[in-house]
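Here is the structure we will look at, set down as C-alpha cells.
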Amino acid sequence: MVSLQSQEKTAVILIILVILFCLGATCILDGMGKKRFSREYSQDLPDGTLVRYSGIIGSVIEVSGGHYLLEISGVNIFIPVSAGLPAETVSGMIPGAEVTVTGTVQHWKGKEEILVGNSADISLVSGYQGTGQHSGQNASEDPD
C-alpha cells in the first residue's frame with residue numbers, strides 16, 4: 001500500500017477539487033450555449049471569431065460529401081456533414097425561410113463564410129411566407 005505524506009495528500013485533494021470545478025464550469029457554460037458568447041456577424045471580423053447571424057435563405061446547395069452551403073442574405077454559411085444536421089432541419093432549409101446560425105468566421109478559397117460546427121447552432125425561425133412552390137402548395141391552388 002502506498003503511504004502519502006501530508007503535502008502529497010493536500011496536492012491530491014487540490015487536484016481533485018480543480019477537476020471537479022472544471023467539470024462543473026464546463027457543464028454550466030455548455031448549458032448557457034454559444035449564442036451568449038458570440039458577436040453579431042460583420043465582414044470585418046477576423047477568422048475564428050464566434051458569431052451569430054440571422055437572415056433569409058437565398059439558396060441551399062448540397063456539396064460533395066454531404067456538406068451544405070447556404071447563402072443567407074448575402075452571407076455564405078458552410079455546414080459540414082460532421083455538424084449532424086437532422087433530416088427535418090434540412091427539409092426546412094428552403095429559399096425564403098428565416099434562419100439564425102451560430103458559427104465561426106473563416107475564409108475558404110478567398111471568400112469569407114461562417115462555419116457551423118453543430119446542428120444545435122442552426123435555428124429555423126420561420127418557413128417560407130410566400131405562395132407557390134416553396135410553401136407546400138401549388139401556385140394554382142386556392143389557400144382557403
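Ligands are numbered from 1 in the order shown, residues from 1 within each chain, and chains are lettered A, B, ... in the order they appear in the C-alpha cells.
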Spatial neighbours of Leu124 in chain A, 9 Å, only C-alpha atoms, chain gap at least 5 places, as a ChimeraX atom specification: /A:89,92-93,97-101
DSSP on the backbone, strand (DSSP E or B) only: what residues of range 49-141 of chain A does that give? Format it as a PyMOL selection string. chain A and resi 50-63+67-72+75-79+98-108+111-115+122-126
Identify all residues of chain A in alpha helix (DSSP H) (DSSP on the backbone) and supply them as a PyMOL selection string. chain A and resi 6-32+87-92
Env of Ile77 in chain A: 12 Å cut, atoms = only C-alpha atoms, seq-sep filter 2 positions within chain, self excluded. Answer as a VMD selection string. chain A and resid 41 51 to 62 67 to 75 79 to 80 99 to 108 111 to 117 121 to 122
Would you mind exporting C-alpha atoms of the selected residues as a PDB file, in the first residue's frame?
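So again32.pdb came out as:
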ATOM      1  CA  TYR A  41     -21.609  38.982 -37.636  1.00  0.00           C
ATOM      2  CA  VAL A  51     -20.574  34.933 -34.493  1.00  0.00           C
ATOM      3  CA  ARG A  52     -24.349  34.734 -34.823  1.00  0.00           C
ATOM      4  CA  TYR A  53     -26.222  35.701 -37.953  1.00  0.00           C
ATOM      5  CA  SER A  54     -29.884  35.837 -38.944  1.00  0.00           C
ATOM      6  CA  GLY A  55     -31.393  36.228 -42.370  1.00  0.00           C
ATOM      7  CA  ILE A  56     -33.435  34.803 -45.199  1.00  0.00           C
ATOM      8  CA  ILE A  57     -32.187  31.731 -47.076  1.00  0.00           C
ATOM      9  CA  GLY A  58     -31.467  32.572 -50.691  1.00  0.00           C
ATOM     10  CA  SER A  59     -30.076  29.211 -51.801  1.00  0.00           C
ATOM     11  CA  VAL A  60     -29.243  25.791 -50.394  1.00  0.00           C
ATOM     12  CA  ILE A  61     -26.609  23.698 -52.148  1.00  0.00           C
ATOM     13  CA  GLU A  62     -25.627  20.188 -51.093  1.00  0.00           C
ATOM     14  CA  HIS A  67     -21.931  19.151 -46.749  1.00  0.00           C
ATOM     15  CA  TYR A  68     -24.278  22.115 -47.248  1.00  0.00           C
ATOM     16  CA  LEU A  69     -23.578  25.633 -48.442  1.00  0.00           C
ATOM     17  CA  LEU A  70     -26.278  28.195 -47.715  1.00  0.00           C
ATOM     18  CA  GLU A  71     -26.494  31.753 -48.906  1.00  0.00           C
ATOM     19  CA  ILE A  72     -28.314  33.714 -46.222  1.00  0.00           C
ATOM     20  CA  SER A  73     -28.989  37.364 -47.015  1.00  0.00           C
ATOM     21  CA  GLY A  74     -25.745  37.561 -48.998  1.00  0.00           C
ATOM     22  CA  VAL A  75     -23.547  35.677 -46.492  1.00  0.00           C
ATOM     23  CA  ILE A  79     -22.429  23.298 -42.713  1.00  0.00           C
ATOM     24  CA  PRO A  80     -20.160  20.239 -42.748  1.00  0.00           C
ATOM     25  CA  VAL A  99     -32.814  31.142 -40.112  1.00  0.00           C
ATOM     26  CA  THR A 100     -30.387  32.012 -37.323  1.00  0.00           C
ATOM     27  CA  VAL A 101     -26.929  30.406 -37.210  1.00  0.00           C
ATOM     28  CA  THR A 102     -24.023  30.480 -34.795  1.00  0.00           C
ATOM     29  CA  GLY A 103     -20.551  29.636 -36.061  1.00  0.00           C
ATOM     30  CA  THR A 104     -17.014  30.809 -36.627  1.00  0.00           C
ATOM     31  CA  VAL A 105     -15.765  33.154 -39.315  1.00  0.00           C
ATOM     32  CA  GLN A 106     -13.407  31.559 -41.810  1.00  0.00           C
ATOM     33  CA  HIS A 107     -12.034  32.233 -45.263  1.00  0.00           C
ATOM     34  CA  TRP A 108     -12.179  29.465 -47.862  1.00  0.00           C
ATOM     35  CA  LYS A 111     -14.178  34.030 -49.708  1.00  0.00           C
ATOM     36  CA  GLU A 112     -15.497  34.711 -46.233  1.00  0.00           C
ATOM     37  CA  GLU A 113     -18.051  32.334 -44.725  1.00  0.00           C
ATOM     38  CA  ILE A 114     -19.475  31.226 -41.402  1.00  0.00           C
ATOM     39  CA  LEU A 115     -18.662  27.646 -40.406  1.00  0.00           C
ATOM     40  CA  VAL A 116     -21.406  25.959 -38.371  1.00  0.00           C
ATOM     41  CA  GLY A 117     -19.991  23.216 -36.148  1.00  0.00           C
ATOM     42  CA  ASP A 121     -26.299  26.059 -33.842  1.00  0.00           C
ATOM     43  CA  ILE A 122     -28.947  26.311 -36.581  1.00  0.00           C
TER      44      ILE A 122
END
If you measure from CA of Gly66 in chain A to CA of Pro86 in chain A, what distance in Å do you get, rounded to one decimal?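 Straight-line distance from CA of Gly66 in chain A to CA of Pro86 in chain A works out to 12.1 Å.
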One number please: CA of Ser64 in chain A to CA of Gly110 in chain A, in Å, one decimal.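 So the two atoms, CA of Ser64 in chain A and CA of Gly110 in chain A, lie 19.5 Å apart.
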Work out how far apart CA of Asn76 in chain A and CA of Asp30 in chain A are and give it in Å to one decimal. 26.3 Å
